$ cat start.cif   # mmCIF, C-alpha atoms
data_structure
loop_
_atom_site.label_atom_id
_atom_site.label_comp_id
_atom_site.auth_asym_id
_atom_site.auth_seq_id
_atom_site.Cartn_x
_atom_site.Cartn_y
_atom_site.Cartn_z
CA MET A 45 -35.17 -19.05 -22.55
CA VAL A 46 -32.43 -18.64 -25.18
CA LYS A 47 -33.08 -15.67 -27.42
CA ALA A 48 -32.42 -16.03 -31.14
CA VAL A 49 -29.90 -13.20 -31.04
CA ASP A 50 -27.95 -14.98 -28.27
CA LEU A 51 -28.00 -18.21 -30.29
CA ILE A 52 -26.53 -16.43 -33.33
CA GLU A 53 -23.84 -14.80 -31.18
CA ASP A 54 -23.03 -18.16 -29.60
CA ILE A 55 -22.58 -19.75 -33.02
CA LYS A 56 -20.38 -16.86 -34.16
CA VAL A 57 -18.13 -17.25 -31.11
CA LYS A 58 -17.85 -21.01 -31.67
CA ILE A 59 -16.80 -20.76 -35.32
CA ASN A 60 -14.43 -17.88 -34.73
CA GLY A 61 -10.92 -19.14 -35.30
CA LYS A 62 -11.91 -22.22 -37.30
CA SER A 63 -10.31 -22.93 -40.66
CA ILE A 64 -11.69 -24.64 -43.76
CA ALA A 65 -10.68 -25.68 -47.27
CA VAL A 66 -12.94 -25.11 -50.26
CA ILE A 67 -12.21 -27.47 -53.15
CA GLY A 68 -13.26 -25.71 -56.34
CA ALA A 69 -13.93 -21.99 -56.90
CA GLY A 70 -16.41 -22.20 -59.78
CA GLY A 71 -20.20 -22.47 -59.49
CA LEU A 72 -20.65 -23.84 -55.98
CA GLY A 73 -17.22 -22.74 -54.77
CA GLY A 74 -17.64 -19.07 -55.70
CA TYR A 75 -20.83 -18.74 -53.66
CA ILE A 76 -19.39 -20.83 -50.78
CA ILE A 77 -16.35 -18.55 -50.59
CA GLY A 78 -18.55 -15.45 -50.85
CA LEU A 79 -20.66 -16.63 -47.91
CA THR A 80 -17.88 -18.01 -45.70
CA SER A 81 -15.67 -14.94 -46.15
CA ARG A 82 -17.94 -12.95 -43.79
CA LEU A 83 -18.46 -15.60 -41.09
CA GLY A 84 -15.40 -14.87 -38.97
CA LEU A 85 -13.37 -17.96 -39.81
CA SER A 86 -9.62 -17.62 -39.30
CA LYS A 87 -8.42 -19.17 -42.56
CA ILE A 88 -9.80 -20.41 -45.88
CA PHE A 89 -7.75 -22.50 -48.31
CA ILE A 90 -9.14 -22.26 -51.85
CA PHE A 91 -8.20 -24.80 -54.54
CA ASP A 92 -8.84 -24.48 -58.27
CA GLY A 93 -6.63 -24.97 -61.32
CA ASP A 94 -9.20 -23.56 -63.77
CA LEU A 95 -9.25 -20.16 -65.45
CA PHE A 96 -12.49 -18.21 -65.96
CA THR A 97 -13.94 -18.44 -69.47
CA THR A 98 -17.01 -16.87 -71.06
CA SER A 99 -18.93 -20.12 -70.54
CA ASN A 100 -18.77 -19.53 -66.74
CA ILE A 101 -20.34 -16.08 -66.77
CA ASP A 102 -23.95 -17.32 -66.50
CA ARG A 103 -23.54 -18.86 -63.04
CA GLN A 104 -20.12 -18.35 -61.39
CA LEU A 105 -20.04 -15.50 -58.87
CA TYR A 106 -16.51 -14.23 -59.54
CA CYS A 107 -16.62 -14.57 -63.33
CA GLN A 108 -16.93 -11.17 -64.97
CA LYS A 109 -15.38 -9.32 -67.92
CA ASP A 110 -12.26 -8.28 -66.06
CA THR A 111 -11.60 -11.71 -64.54
CA LEU A 112 -11.83 -13.72 -67.78
CA GLY A 113 -8.60 -15.69 -68.28
CA ARG A 114 -7.64 -15.44 -64.59
CA ASN A 115 -7.36 -18.33 -62.14
CA LYS A 116 -10.59 -18.94 -60.21
CA ALA A 117 -8.95 -19.56 -56.82
CA GLU A 118 -6.83 -16.42 -57.14
CA VAL A 119 -9.82 -14.20 -57.98
CA ALA A 120 -11.97 -15.67 -55.20
CA ALA A 121 -9.16 -15.23 -52.66
CA GLU A 122 -8.69 -11.59 -53.67
CA SER A 123 -12.38 -10.89 -53.12
CA CYS A 124 -12.34 -12.68 -49.78
CA SER A 125 -9.21 -10.85 -48.64
CA ALA A 126 -10.72 -7.50 -49.61
CA ILE A 127 -13.47 -8.04 -47.04
CA GLY A 128 -10.72 -8.24 -44.46
CA VAL A 129 -12.23 -10.75 -42.05
CA THR A 130 -10.43 -13.96 -42.96
CA GLU A 131 -6.94 -14.99 -44.06
CA THR A 132 -7.23 -16.53 -47.51
CA ILE A 133 -4.78 -18.84 -49.24
CA ALA A 134 -5.26 -19.55 -52.96
CA ILE A 135 -3.81 -22.74 -54.40
CA GLN A 136 -3.93 -22.31 -58.16
CA ASP A 137 -4.05 -26.02 -58.85
CA TYR A 138 -6.46 -28.94 -58.75
CA PHE A 139 -6.69 -30.72 -55.39
CA GLY A 140 -4.57 -33.85 -55.19
CA GLU A 141 -2.90 -36.14 -52.64
CA GLU A 142 0.16 -33.86 -52.64
CA TYR A 143 -1.97 -31.27 -50.80
CA PHE A 144 -3.20 -33.53 -48.00
CA ASP A 145 -0.47 -32.34 -45.64
CA LEU A 146 -1.14 -28.65 -46.37
CA ILE A 147 -4.75 -28.81 -45.17
CA LYS A 148 -4.50 -31.56 -42.55
CA ASP A 149 -5.30 -29.11 -39.72
CA VAL A 150 -8.51 -27.60 -41.14
CA ASP A 151 -11.76 -28.13 -39.26
CA CYS A 152 -13.70 -29.19 -42.35
CA VAL A 153 -13.53 -29.36 -46.13
CA VAL A 154 -16.26 -28.05 -48.40
CA ASP A 155 -16.74 -30.02 -51.61
CA ALA A 156 -17.33 -27.72 -54.60
CA THR A 157 -15.58 -29.82 -57.19
CA ASP A 158 -17.11 -30.86 -60.50
CA ASN A 159 -16.09 -34.48 -60.79
CA VAL A 160 -16.42 -37.84 -59.08
CA THR A 161 -12.69 -38.63 -59.01
CA THR A 162 -11.89 -35.61 -56.80
CA ARG A 163 -14.87 -36.34 -54.55
CA ARG A 164 -13.53 -39.84 -53.92
CA LEU A 165 -10.16 -38.26 -53.10
CA LEU A 166 -11.86 -35.90 -50.64
CA GLU A 167 -13.50 -38.84 -48.92
CA LYS A 168 -10.10 -40.54 -48.70
CA PHE A 169 -8.61 -37.36 -47.19
CA GLY A 170 -11.44 -37.08 -44.66
CA GLU A 171 -10.95 -40.71 -43.62
CA ALA A 172 -7.17 -40.32 -43.29
CA TYR A 173 -7.24 -37.15 -41.17
CA SER A 174 -10.66 -37.50 -39.44
CA ILE A 175 -11.98 -34.36 -41.07
CA PRO A 176 -15.65 -33.99 -42.12
CA ILE A 177 -16.57 -33.12 -45.70
CA ILE A 178 -19.55 -30.93 -46.57
CA HIS A 179 -20.59 -32.53 -49.85
CA GLY A 180 -22.52 -30.61 -52.49
CA ALA A 181 -23.21 -31.27 -56.16
CA ILE A 182 -25.45 -29.81 -58.86
CA ASP A 183 -26.72 -30.91 -62.25
CA GLY A 184 -29.17 -28.99 -64.39
CA MET A 185 -32.08 -27.97 -62.19
CA TYR A 186 -31.24 -29.96 -59.08
CA GLY A 187 -28.58 -30.49 -56.47
CA HIS A 188 -27.82 -32.29 -53.24
CA VAL A 189 -25.96 -31.83 -49.95
CA ALA A 190 -24.63 -34.27 -47.35
CA VAL A 191 -22.39 -34.04 -44.29
CA VAL A 192 -19.80 -36.79 -44.68
CA ARG A 193 -18.06 -37.74 -41.47
CA PRO A 194 -15.13 -40.17 -41.39
CA GLY A 195 -16.51 -43.68 -41.74
CA ASP A 196 -19.80 -42.64 -43.35
CA LYS A 197 -18.73 -43.66 -46.90
CA THR A 198 -21.49 -41.47 -48.35
CA ILE A 199 -19.43 -40.55 -51.43
CA THR A 200 -18.70 -44.23 -52.12
CA LYS A 201 -22.42 -45.04 -51.84
CA LEU A 202 -23.48 -42.07 -53.95
CA TYR A 203 -21.11 -42.58 -56.88
CA ARG A 204 -20.69 -46.27 -57.63
CA VAL A 205 -19.36 -45.58 -61.15
CA GLU A 206 -18.60 -42.47 -63.19
CA VAL A 207 -21.66 -40.45 -64.16
CA ARG A 208 -22.53 -38.37 -67.22
CA LYS A 209 -20.99 -34.92 -67.55
CA PRO A 210 -23.26 -32.45 -65.73
CA GLY A 211 -25.82 -30.51 -67.72
CA LYS A 212 -26.08 -26.73 -67.97
CA THR A 213 -27.53 -24.88 -65.01
CA PHE A 214 -28.63 -21.46 -63.75
CA SER A 215 -26.99 -19.23 -61.12
CA PHE A 216 -29.78 -19.88 -58.58
CA VAL A 217 -28.93 -23.59 -58.47
CA PRO A 218 -25.30 -23.35 -57.22
CA SER A 219 -26.11 -20.34 -55.04
CA LEU A 220 -28.82 -22.16 -53.06
CA ILE A 221 -26.93 -25.46 -52.81
CA ALA A 222 -23.82 -23.49 -51.69
CA SER A 223 -25.91 -21.67 -49.09
CA ILE A 224 -27.18 -24.98 -47.69
CA GLN A 225 -23.60 -26.31 -47.59
CA VAL A 226 -22.42 -23.24 -45.67
CA SER A 227 -25.31 -23.54 -43.22
CA GLN A 228 -24.41 -27.20 -42.60
CA MET A 229 -20.74 -26.27 -42.21
CA THR A 230 -21.61 -23.49 -39.72
CA LYS A 231 -23.75 -25.82 -37.63
CA LEU A 232 -21.13 -28.56 -37.74
CA LEU A 233 -18.34 -26.22 -36.61
CA SER A 234 -20.48 -24.80 -33.80
CA GLY A 235 -21.66 -28.17 -32.52
CA GLY A 236 -25.20 -27.85 -33.84
CA ARG A 237 -27.38 -30.53 -35.38
CA THR A 238 -26.64 -31.24 -39.05
CA LEU A 239 -27.71 -33.80 -41.61
CA ARG A 240 -26.95 -37.23 -40.17
CA LYS A 241 -25.00 -40.17 -41.54
CA GLY A 242 -26.33 -41.24 -44.94
CA GLU A 243 -28.84 -38.39 -45.19
CA LEU A 244 -28.89 -36.67 -48.57
CA LEU A 245 -30.80 -33.41 -48.83
CA ILE A 246 -31.99 -33.04 -52.41
CA VAL A 247 -33.46 -29.94 -54.01
CA ASP A 248 -35.28 -30.09 -57.35
CA PHE A 249 -35.79 -26.61 -58.76
CA ALA A 250 -37.79 -27.94 -61.71
CA THR A 251 -40.58 -29.17 -59.47
CA SER A 252 -39.95 -27.04 -56.33
CA ASN A 253 -39.44 -30.28 -54.42
CA THR A 254 -37.07 -30.70 -51.47
CA GLN A 255 -36.59 -33.85 -49.45
CA ILE A 256 -34.11 -35.83 -47.38
CA ILE A 257 -33.46 -39.42 -48.43
CA ASN A 258 -31.27 -42.05 -46.80
CA ILE A 259 -28.62 -43.55 -49.02
CA MET B 233 -48.39 -52.26 -60.40
CA ILE B 234 -45.22 -50.66 -59.06
CA LYS B 235 -45.10 -46.88 -58.76
CA VAL B 236 -41.79 -45.39 -59.93
CA GLU B 237 -40.96 -41.82 -58.90
CA PHE B 238 -38.27 -40.05 -60.93
CA PHE B 239 -36.07 -37.36 -59.46
CA GLY B 240 -33.54 -34.89 -60.87
CA LEU B 241 -32.38 -35.34 -64.46
CA TYR B 242 -34.46 -38.50 -64.88
CA ARG B 243 -37.61 -36.48 -64.31
CA LEU B 244 -36.54 -33.98 -66.99
CA ASN B 245 -35.21 -36.48 -69.52
CA TYR B 246 -38.13 -38.91 -69.18
CA GLY B 247 -40.54 -35.95 -69.14
CA MET B 248 -42.59 -37.33 -66.25
CA ALA B 249 -42.59 -37.42 -62.47
CA GLU B 250 -44.10 -40.89 -62.06
CA TRP B 251 -44.53 -44.07 -64.05
CA GLU B 252 -46.33 -47.32 -63.29
CA THR B 253 -45.20 -50.74 -64.45
CA ASP B 254 -44.85 -54.36 -63.44
CA ALA B 255 -41.43 -55.78 -62.61
CA LYS B 256 -40.26 -58.77 -60.61
CA ASP B 257 -37.07 -57.15 -59.29
CA ILE B 258 -34.81 -54.09 -59.75
CA ASN B 259 -32.92 -55.72 -62.65
CA ASP B 260 -36.20 -56.29 -64.44
CA LEU B 261 -37.38 -52.75 -63.66
CA LEU B 262 -34.23 -51.15 -65.13
CA LYS B 263 -34.57 -53.22 -68.32
CA LYS B 264 -38.22 -52.16 -68.65
CA LEU B 265 -37.27 -48.54 -68.04
CA HIS B 266 -34.69 -48.70 -70.83
CA ALA B 267 -37.19 -50.38 -73.18
CA PHE B 268 -39.78 -47.71 -72.33
CA ASN B 269 -37.31 -44.89 -73.04
CA PRO B 270 -33.76 -45.71 -74.25
CA PHE B 271 -32.27 -42.30 -73.27
CA TYR B 272 -30.31 -44.00 -70.47
CA THR B 273 -28.60 -47.35 -70.94
CA VAL B 274 -29.23 -50.13 -68.41
CA LYS B 275 -25.59 -49.71 -67.31
CA GLU B 276 -26.19 -46.02 -66.57
CA LEU B 277 -29.44 -46.78 -64.77
CA LYS B 278 -27.57 -49.23 -62.56
CA ASN B 279 -25.65 -46.28 -61.08
CA SER B 280 -28.89 -44.70 -59.87
CA ILE B 281 -29.80 -44.02 -56.29
CA ILE B 282 -32.77 -46.34 -55.83
CA LEU B 283 -35.03 -46.54 -52.83
CA VAL B 284 -37.64 -49.28 -52.49
CA ASN B 285 -40.36 -48.16 -50.07
CA GLY B 286 -37.83 -45.68 -48.63
CA LYS B 287 -34.98 -48.17 -48.22
CA ASN B 288 -31.79 -48.05 -50.24
CA PHE B 289 -31.74 -51.07 -52.53
CA MET B 290 -28.00 -51.45 -51.82
CA ASP B 291 -28.96 -52.33 -48.25
CA LEU B 292 -31.53 -54.86 -49.51
CA LYS B 293 -30.64 -57.42 -52.19
CA LYS B 294 -29.29 -54.84 -54.65
CA TYR B 295 -30.37 -55.54 -58.24
CA ARG B 296 -32.12 -58.73 -57.12
CA THR B 297 -34.36 -56.88 -54.68
CA LYS B 298 -37.86 -58.31 -55.23
CA LEU B 299 -40.66 -55.95 -56.18
CA ASN B 300 -44.30 -56.51 -55.34
CA PRO B 301 -47.50 -54.78 -56.49
CA GLY B 302 -47.97 -51.57 -54.52
CA ASP B 303 -44.25 -51.03 -53.96
CA GLU B 304 -42.94 -47.50 -54.42
CA VAL B 305 -39.57 -47.07 -56.12
CA PHE B 306 -37.68 -43.75 -56.02
CA ILE B 307 -34.95 -43.39 -58.63
CA MET B 308 -32.50 -40.54 -59.23
CA SER B 309 -29.11 -39.98 -60.81
CA PRO B 310 -26.51 -38.43 -58.50
CA ALA B 311 -25.49 -34.89 -59.50
CA SER B 312 -21.77 -34.44 -60.12
CA GLY B 313 -21.28 -30.80 -61.09
CA GLY B 314 -19.94 -28.00 -58.96
#
$ encode --input "start.cif" --output "structure tokens"
Amino acid sequence: MVKAVDLIEDIKVKINGKSIAVIGAGGLGGYIIGLTSRLGLSKIFIFDGDLFTTSNIDRQLYCQKDTLGRNKAEVAAESCSAIGVTETIAIQDYFGEEYFDLIKDVDCVVDATDNVTTRRLLEKFGEAYSIPIIHGAIDGMYGHVAVVRPGDKTITKLYRVEVRKPGKTFSFVPSLIASIQVSQMTKLLSGGRTLRKGELLIVDFATSNTQIINI
Amino acid sequence: MIKVEFFGLYRLNYGMAEWETDAKDINDLLKKLHAFNPFYTVKELKNSIILVNGKNFMDLKKYRTKLNPGDEVFIMSPASGG
């Protein structure tokens, strides 16, 4: 019988040496970077062109008085580097096609962006380089997660046109959705069972409702 | 009657979890939803994730998917923030 402790060690060994890219270092991205920085990955690329402002302080992990006005990717990378487990590379810019080559060797990309246009670009990148995307998005009191493998077209199905600008949220929304994304990423990189093609895990904090739907 | 279950922002902005109505197809349902509460335009509602008895309407006949009494429709707007 496999003991739980052996299972955890096995997963740790399997993800050791893997590299990822996190697109966005704000609400979702901050928590994703905070969680992944202790997993034993070899390298994390962090993309964000935004600077921290006072409007971020209610929900973004690395936004505090002394980081206001600083680039989000830079601050997140500093925190990650200080832990000393993983090499961290901050790209102080928004993700675009010009960066495809830079991250073409990562094992997966974690979606923490805040707009549909970049998500479509991530899907295009994943298709071009056969790299899975761990999709996550939040809005107000709910969020969703999907594992998008090349060919799935989940982003295309999810966002048929542009959607309204997201509403305000609380820190517990991005932190839980980020945690689910990191758990899916960890299982994917270690060969475990993840959400399947077309499955969207949705969490509604307003009604304490969680379910998986097929899109 | 058709049972409509709202999810995410729809549930908050319509102020209810469920709604019952009659509609011949998805097009008709979205028009009735807009007439019931105009917060979302029909165009915005057309971007919803819609499941009819658990099946994505995009895999059925899209906006022309027929609805029958007793059908359950799940409707949510995709989140886009990060």
$ closest_residue --input "start.cif" --among "A:Arg163, A:Arg82, A:Lys62, A:Arg114" --to "chain B" --atoms "all atoms listed in the file"
A:Arg163
$ atom_distance --input "start.cif" --atom1 "CA of Phe238 (chain B)" --atom2 "CA of Ser223 (chain A)"
25.1 Å
$ resolve_selection --input "start.cif" --expression "the PyMOL selection byres ((chain B) within 8 of (chain A))" --output "ChimeraX atom specification"
/B:239-241,276,279,281,286-288,310-314
$ residues_around --input "start.cif" --residues "Ile178 (chain A)" --least-positions-apart "5" --cutoff "9 Å" --atoms "only C-alpha atoms" --output "JSON, numbers by chain"
{"A": [152, 153, 154, 155, 156, 189, 190, 191, 192, 193, 225, 226, 228, 229]}
$ atom_distance --input "start.cif" --atom1 "CA of Gly195 (chain A)" --atom2 "CA of Gly170 (chain A)"
8.8 Å
$ atom_distance --input "start.cif" --atom1 "CA of Gly140 (chain A)" --atom2 "CA of Gly93 (chain A)"
11.0 Å
$ resolve_selection --input "start.cif" --expression "the PyMOL selection byres ((chain B and resi 235) around 12)" --output "list in words"
Met233, Ile234, Val236, Glu237, Phe238, Ala249, Glu250, Trp251, Glu252, Thr253, Asp254, Ala255, Leu261, Leu283, Val284, Asn285, Leu299, Asn300, Pro301, Gly302, Asp303, Glu304, Val305, Phe306 and Ile307 of chain B
$ residues_around --input "start.cif" --residues "region 231-240 of chain A" --least-positions-apart "5" --cutoff "6 Å" --atoms "all atoms listed in the file" --output "list in words"
Ile55, Lys58, Ile59 and Val191 of chain A
$ residues_near_point --input "start.cif" --point "(-5.8, -20.9, -49.6)" --cutoff "12 Å" --atoms "all atoms listed in the file" --output "count of residues only"
38
$ axis_aligned_box --input "start.cif" --around "region 145-154 of chain A" --padding-each-side "8 Å" --output "AutoDock Vina command-line options"
--center_x -8.4 --center_y -30.0 --center_z -43.8 --size_x 31.8 --size_y 20.7 --size_z 25.1
$ closest_residue --input "start.cif" --among "B:Asn269, B:Phe289, B:Arg296, B:Leu277" --to "Met248 (chain B)" --atoms "only C-alpha atoms"
B:Asn269
$ closest_residue --input "start.cif" --among "A:Glu141, A:Gly242, A:Thr254, A:Ile127" --to "Asp291 (chain B)" --atoms "only C-alpha atoms"
A:Gly242
$ residues_around --input "start.cif" --residues "Asn100 (chain A)" --least-positions-apart "5" --cutoff "10 Å" --atoms "all atoms listed in the file" --output "number ranges by chain"
A: 70-71, 95, 105-108, 112, 215
